[in-house]
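K.L.:
Below is a structure I'd like to ask you about.
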Amino acid sequence: MPRHLAPPPLDPAADAALLLRRIAFGTLALLLPIASLVSRRAAVVLAPIGVVLLVIAALIEDPRAFATMFRRSLLSLPALMLVGLVGWAVLSLVWSPYTVSATEKAANLVLAVLLGFLGNAALPERMRASNLNLAPLGAGVAGAFALALIVVAALRHAEAEAGSVERGISVILIMAWPALAWLLSRERGLSAVGLAVVVGLLSLTRFEDGEAVAMICGAVAFGAVSASREKASALIAAAIAGLMLLAPILPFLLIPIAARLPESGIVQSLATWADVVSGAPIQLVTGHGLDTVLRGRLTGALPPATPTTLLFETWYELGLVGAGAAAFCLYVAIRAAGRMPSALAAGGVAAFTTAFALSALGFATLQPWWLMTLTAVVLMFGAIARGQYRTDRPVAPLLKPAGTTRPKAGTSA
């Protein structure tokens with residue numbers, strides 16, 4: 001008689017962990033890009049909520065594994081360098097003339113890094129595809145919604161991109177890279193092309209503020225890594241780290257080139273950069289302290305033409321120590337992204353390139369919403385990397401070998 005297998009015992013804790021993880025990833029991948037179009041502080045609120053839900057799910061499922069993974073990731077050499085960089089930024093509060101605002105900025109930086117470590121440690125060993133499908137869904141829906149808002153504003157002859165919509169477009173652009181990487185890794189080429197078209201059209205609406213240029217840089221990096229993963233990722237990592245390390249000499253090299261361009265504020269900004277570098281060479285080692293660039297411009301301590309690029313801010317505020325640590329972290333992170341499987345390598349390097357280009361062009365360098373958005377992007381790439389465990393099924397032979405017959409029921413093969 002056929003035996004009826006007993007159903008597996010119910011595990012309410014495991015079911016609760018799965019549900020919390022689904023809600024967490026939906027918050028990060030689906031709700032965050034859409035909500036960023038209607039709320040200026042959506043990323044600041046939703047990213048911590050998503051990470052907290054991931055941590056709770058991990059503690060319910062296996063708290064010992066979560067603690068082990070957190071300790072292991074925190075004690076790696078790149079993580080220690082990142083912690084050292086954050087620690088140096090916190091230490092610079094001692095000599096920063098704007099202690100109150102610098103403390104808030106340091107707290108945001110510490111929170112973003114801590115959420116990144118906690119979220120990465122809370123990710124399961126194998127991520128479900130149903131959760132990861134929310135990444136392209138969120139980027140695609142948010143991109144279409146943003147384009148609709150821009151078209152409606154243009155038809156009404158109103159301001160198309162103001163306030164939260166402007167920030168939301170930037171969030172969508174950077175979050176499109178993990179979504180594209182996931183679609184390509186699952187061989188969903190048509191969906192990837194559709195998402196790329198939406199994101200490309202959206203980036204063209206932000207050409208004046210540099211987002212389009214940053215996306216072009218990311219697209220070039222994506223193509224280069226797709227063609228030659230090892231060489232391209234090493235070259236891009238070295239170029240970005242080199243720009244961070246050689247930032248003090250960039251204005252002296254770029255002023256003759258910028259002087260030949262049409263009249264703009266670039267030459268004046270580079271001249272101010274060169275004057276600041278040559279006027280305080282000692283501070284190139286220690287920096288002037290966190291948040292001194294923004295507050296210095298507001299209070300008149302620095303000229304209005306002072307550049308707001310990440311390259312200048314890092315050297316001016318954290319000096320050689322901070323710039324060296326940042327360059328090392330960027331190099332290691334981009335090389336690690338280049339070693340990810342399949343399309344994730346190209347998407348990861350493209351995301352780093354886009355984010356660095358945006359920051360180098362002076363866009364949202366260390367603002368809280370941008371830090372939380374980058375944290376969400378890093379966690380999405382980590383989750384997608386853990387969703388690549390599916391292997392190809394073996395092809396069934398069309399012809400059976402001679403002399404083999406199907407075994408009868410109840411007999412051994």
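Identifiers for the structure tokens are assigned positionally: chains receive A, B, ... in sequence, residues are indexed from 1 per chain, and ligands are indexed from 1 in the order shown.
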Run DSSP on the backbone of this structure and report the residues of stretch 151-359 of chain A it assigns to alpha helix (DSSP H), as a PyMOL selection string.
P.N.:
chain A and resi 151-155+164-185+189-204+211-227+229-245+250-258+266-279+283-286+292-299+310-338+343-359
K.L.:
Need the shell around A:Ala106: protein/DNA/RNA residues with any atom at most 8 Å away, counting only C-alpha atoms. Skip same-chain ones fewer than 2 positions apart. Format as a list in words?
P.N.:
Val86, Ala89, Val90, Ala102, Thr103, Glu104, Asn108, Leu109, Val110 and Leu290 of chain A
K.L.:
Hey, can you spit out that residue selection with all heavy atoms as a PDB file, in the first residue's frame?
P.N.:
```pdb
ATOM      1  N   VAL A  86      36.284  56.083   9.302  1.00  0.00           N
ATOM      2  CA  VAL A  86      35.197  56.687  10.074  1.00  0.00           C
ATOM      3  C   VAL A  86      35.716  57.186  11.417  1.00  0.00           C
ATOM      4  O   VAL A  86      35.329  58.267  11.892  1.00  0.00           O
ATOM      5  CB  VAL A  86      34.050  55.672  10.261  1.00  0.00           C
ATOM      6  CG1 VAL A  86      32.949  56.244  11.152  1.00  0.00           C
ATOM      7  CG2 VAL A  86      33.469  55.279   8.909  1.00  0.00           C
ATOM      8  N   ALA A  89      37.423  60.424  10.924  1.00  0.00           N
ATOM      9  CA  ALA A  89      36.444  61.498  10.740  1.00  0.00           C
ATOM     10  C   ALA A  89      35.852  61.939  12.075  1.00  0.00           C
ATOM     11  O   ALA A  89      35.656  63.134  12.318  1.00  0.00           O
ATOM     12  CB  ALA A  89      35.337  61.032   9.797  1.00  0.00           C
ATOM     13  N   VAL A  90      35.598  60.971  12.956  1.00  0.00           N
ATOM     14  CA  VAL A  90      35.082  61.318  14.285  1.00  0.00           C
ATOM     15  C   VAL A  90      36.154  62.039  15.092  1.00  0.00           C
ATOM     16  O   VAL A  90      35.864  63.013  15.810  1.00  0.00           O
ATOM     17  CB  VAL A  90      34.605  60.047  15.015  1.00  0.00           C
ATOM     18  CG1 VAL A  90      34.195  60.374  16.446  1.00  0.00           C
ATOM     19  CG2 VAL A  90      33.430  59.406  14.264  1.00  0.00           C
ATOM     20  N   ALA A 102      29.372  69.328  12.703  1.00  0.00           N
ATOM     21  CA  ALA A 102      30.271  68.227  12.357  1.00  0.00           C
ATOM     22  C   ALA A 102      29.903  66.958  13.121  1.00  0.00           C
ATOM     23  O   ALA A 102      30.039  65.849  12.592  1.00  0.00           O
ATOM     24  CB  ALA A 102      31.714  68.624  12.654  1.00  0.00           C
ATOM     25  N   THR A 103      29.435  67.103  14.346  1.00  0.00           N
ATOM     26  CA  THR A 103      29.003  65.932  15.116  1.00  0.00           C
ATOM     27  C   THR A 103      27.809  65.256  14.458  1.00  0.00           C
ATOM     28  O   THR A 103      27.734  64.021  14.383  1.00  0.00           O
ATOM     29  CB  THR A 103      28.651  66.351  16.551  1.00  0.00           C
ATOM     30  OG1 THR A 103      29.796  66.957  17.164  1.00  0.00           O
ATOM     31  CG2 THR A 103      28.210  65.151  17.367  1.00  0.00           C
ATOM     32  N   GLU A 104      26.872  66.040  13.976  1.00  0.00           N
ATOM     33  CA  GLU A 104      25.717  65.462  13.278  1.00  0.00           C
ATOM     34  C   GLU A 104      26.154  64.744  12.007  1.00  0.00           C
ATOM     35  O   GLU A 104      25.654  63.646  11.691  1.00  0.00           O
ATOM     36  CB  GLU A 104      24.721  66.571  12.944  1.00  0.00           C
ATOM     37  CG  GLU A 104      23.461  66.066  12.236  1.00  0.00           C
ATOM     38  CD  GLU A 104      22.506  67.190  11.903  1.00  0.00           C
ATOM     39  OE1 GLU A 104      22.797  68.351  12.278  1.00  0.00           O
ATOM     40  OE2 GLU A 104      21.481  66.924  11.269  1.00  0.00           O
ATOM     41  N   ASN A 108      25.811  60.634  11.206  1.00  0.00           N
ATOM     42  CA  ASN A 108      25.199  60.066   9.997  1.00  0.00           C
ATOM     43  C   ASN A 108      26.145  59.096   9.299  1.00  0.00           C
ATOM     44  O   ASN A 108      25.720  58.041   8.815  1.00  0.00           O
ATOM     45  CB  ASN A 108      24.803  61.189   9.045  1.00  0.00           C
ATOM     46  CG  ASN A 108      23.671  62.034   9.583  1.00  0.00           C
ATOM     47  OD1 ASN A 108      22.794  61.544  10.279  1.00  0.00           O
ATOM     48  ND2 ASN A 108      23.700  63.327   9.272  1.00  0.00           N
ATOM     49  N   LEU A 109      27.425  59.447   9.258  1.00  0.00           N
ATOM     50  CA  LEU A 109      28.410  58.569   8.631  1.00  0.00           C
ATOM     51  C   LEU A 109      28.564  57.270   9.406  1.00  0.00           C
ATOM     52  O   LEU A 109      28.596  56.174   8.820  1.00  0.00           O
ATOM     53  CB  LEU A 109      29.746  59.302   8.529  1.00  0.00           C
ATOM     54  CG  LEU A 109      30.877  58.584   7.805  1.00  0.00           C
ATOM     55  CD1 LEU A 109      30.487  58.303   6.366  1.00  0.00           C
ATOM     56  CD2 LEU A 109      32.155  59.419   7.846  1.00  0.00           C
ATOM     57  N   VAL A 110      28.642  57.362  10.725  1.00  0.00           N
ATOM     58  CA  VAL A 110      28.756  56.161  11.557  1.00  0.00           C
ATOM     59  C   VAL A 110      27.513  55.286  11.405  1.00  0.00           C
ATOM     60  O   VAL A 110      27.603  54.049  11.287  1.00  0.00           O
ATOM     61  CB  VAL A 110      28.970  56.551  13.035  1.00  0.00           C
ATOM     62  CG1 VAL A 110      28.870  55.330  13.936  1.00  0.00           C
ATOM     63  CG2 VAL A 110      30.325  57.223  13.210  1.00  0.00           C
ATOM     64  N   LEU A 290      35.946  67.854  10.123  1.00  0.00           N
ATOM     65  CA  LEU A 290      34.738  67.485   9.394  1.00  0.00           C
ATOM     66  C   LEU A 290      33.787  68.677   9.265  1.00  0.00           C
ATOM     67  O   LEU A 290      33.667  69.490  10.182  1.00  0.00           O
ATOM     68  CB  LEU A 290      34.045  66.328  10.116  1.00  0.00           C
ATOM     69  CG  LEU A 290      33.085  65.464   9.305  1.00  0.00           C
ATOM     70  CD1 LEU A 290      33.816  64.766   8.161  1.00  0.00           C
ATOM     71  CD2 LEU A 290      32.419  64.428  10.199  1.00  0.00           C
TER      72      LEU A 290
END
```
K.L.:
Env of A:Val225: 9 Å cut, atoms = only C-alpha atoms, seq-sep filter 2 positions within chain, self excluded. Answer as a list of chain:residue names.
P.N.:
A:Val220, A:Ala221, A:Phe222, A:Gly223, A:Ala227, A:Ser228, A:Arg229, A:Glu230, A:Lys231, A:Ala232, A:Ser233, A:Gly338, A:Ala345, A:Ala346, A:Gly347, A:Val349, A:Ala350
K.L.:
Measuring atom to atom with only C-alpha atoms, identify which of A:Leu202, A:Leu190, A:Val51, A:Ala58 is nearest to A:Ile150.
P.N.:
A:Leu202
K.L.:
Give me the residues near A:Pro136 as a list in words, where near means some atom within 8 Å (using only C-alpha atoms) and where sequence neighbours in that chain fewer than 2 positions away do not count.
P.N.:
Asn133, Leu134, Gly138, Ala139, Gly140, Ala176, Ala179, Leu180, Trp182, Leu183 and Leu195 of chain A
K.L.:
Just the selected residues (C-alpha atoms), exported as a tab-separated table (two decimals), in the first residue's frame, please.
P.N.:
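Final output, again.tsv:
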```tsv
chain	number	residue	atom	x	y	z
A	133	ASN	CA	12.63	40.40	-8.23
A	134	LEU	CA	11.50	43.41	-6.22
A	138	GLY	CA	10.95	49.04	-7.74
A	139	ALA	CA	13.43	50.75	-10.09
A	140	GLY	CA	11.15	50.31	-13.11
A	176	ALA	CA	19.00	50.86	-11.28
A	179	ALA	CA	18.29	45.87	-10.73
A	180	LEU	CA	19.94	45.60	-14.14
A	182	TRP	CA	19.87	40.93	-11.38
A	183	LEU	CA	17.90	40.86	-14.63
A	195	LEU	CA	14.63	49.17	-17.63
```
K.L.:
Pick out the residues sitting within 7 Å of stretch 60-77 of chain A, and hand them over as a compact mmCIF listing (two decimals) with C-alpha atoms, in the first residue's frame; count only C-alpha atoms, and ignore anything fewer than 2 positions along from it in its own chain.
P.N.:
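Printed below is selection18.txt as written:
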```
# COMPACT_ATOMS: atom_id res chain seq x y z
CA ALA A 13 9.76 31.25 13.89
CA ALA A 14 11.07 30.40 10.42
CA ALA A 17 11.76 35.33 9.67
CA ILE A 56 15.36 40.84 13.49
CA ALA A 57 14.77 38.11 10.91
CA ALA A 58 18.37 36.91 11.28
CA ALA A 79 36.37 46.66 7.01
CA LEU A 80 39.08 47.70 9.45
CA MET A 81 40.27 50.36 7.01
CA PHE A 117 27.69 45.90 8.36
CA LEU A 118 24.53 44.82 10.18
CA ALA A 121 25.58 40.09 8.23
CA ALA A 122 21.79 39.64 8.40
```
K.L.:
Hey, which of A:Val293, A:Leu30, A:Ala383, A:Cys217 ends up closest to A:Ala357? Count only C-alpha atoms.
P.N.:
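When distances to A:Ala357 are compared using only C-alpha atoms, the smallest one comes from A:Cys217.
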K.L.:
What separation in Å, quoted to one decimal, exists between atom CA of A:Leu246 and atom CA of A:Leu344?
P.N.:
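Calculated distance between atom CA of A:Leu246 and atom CA of A:Leu344 is 29.3 Å.
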K.L.:
Please identify all polymer residues within 12 Å of stretch 294-311 of chain A, counting only C-alpha atoms, omitting same-chain residues fewer than 6 positions from it, and present them as a VMD selection string.
P.N.:
chain A and resid 96 to 102 105 210 240 to 251 264 to 277 288 317 to 320 322 to 324 326 to 327 355 to 367
K.L.:
What is the distance, in Å and to one decimal place, between atom CA of A:Val378 and atom CA of A:Ala35?
P.N.:
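Between atom CA of A:Val378 and atom CA of A:Ala35 the gap works out to 18.9 Å.
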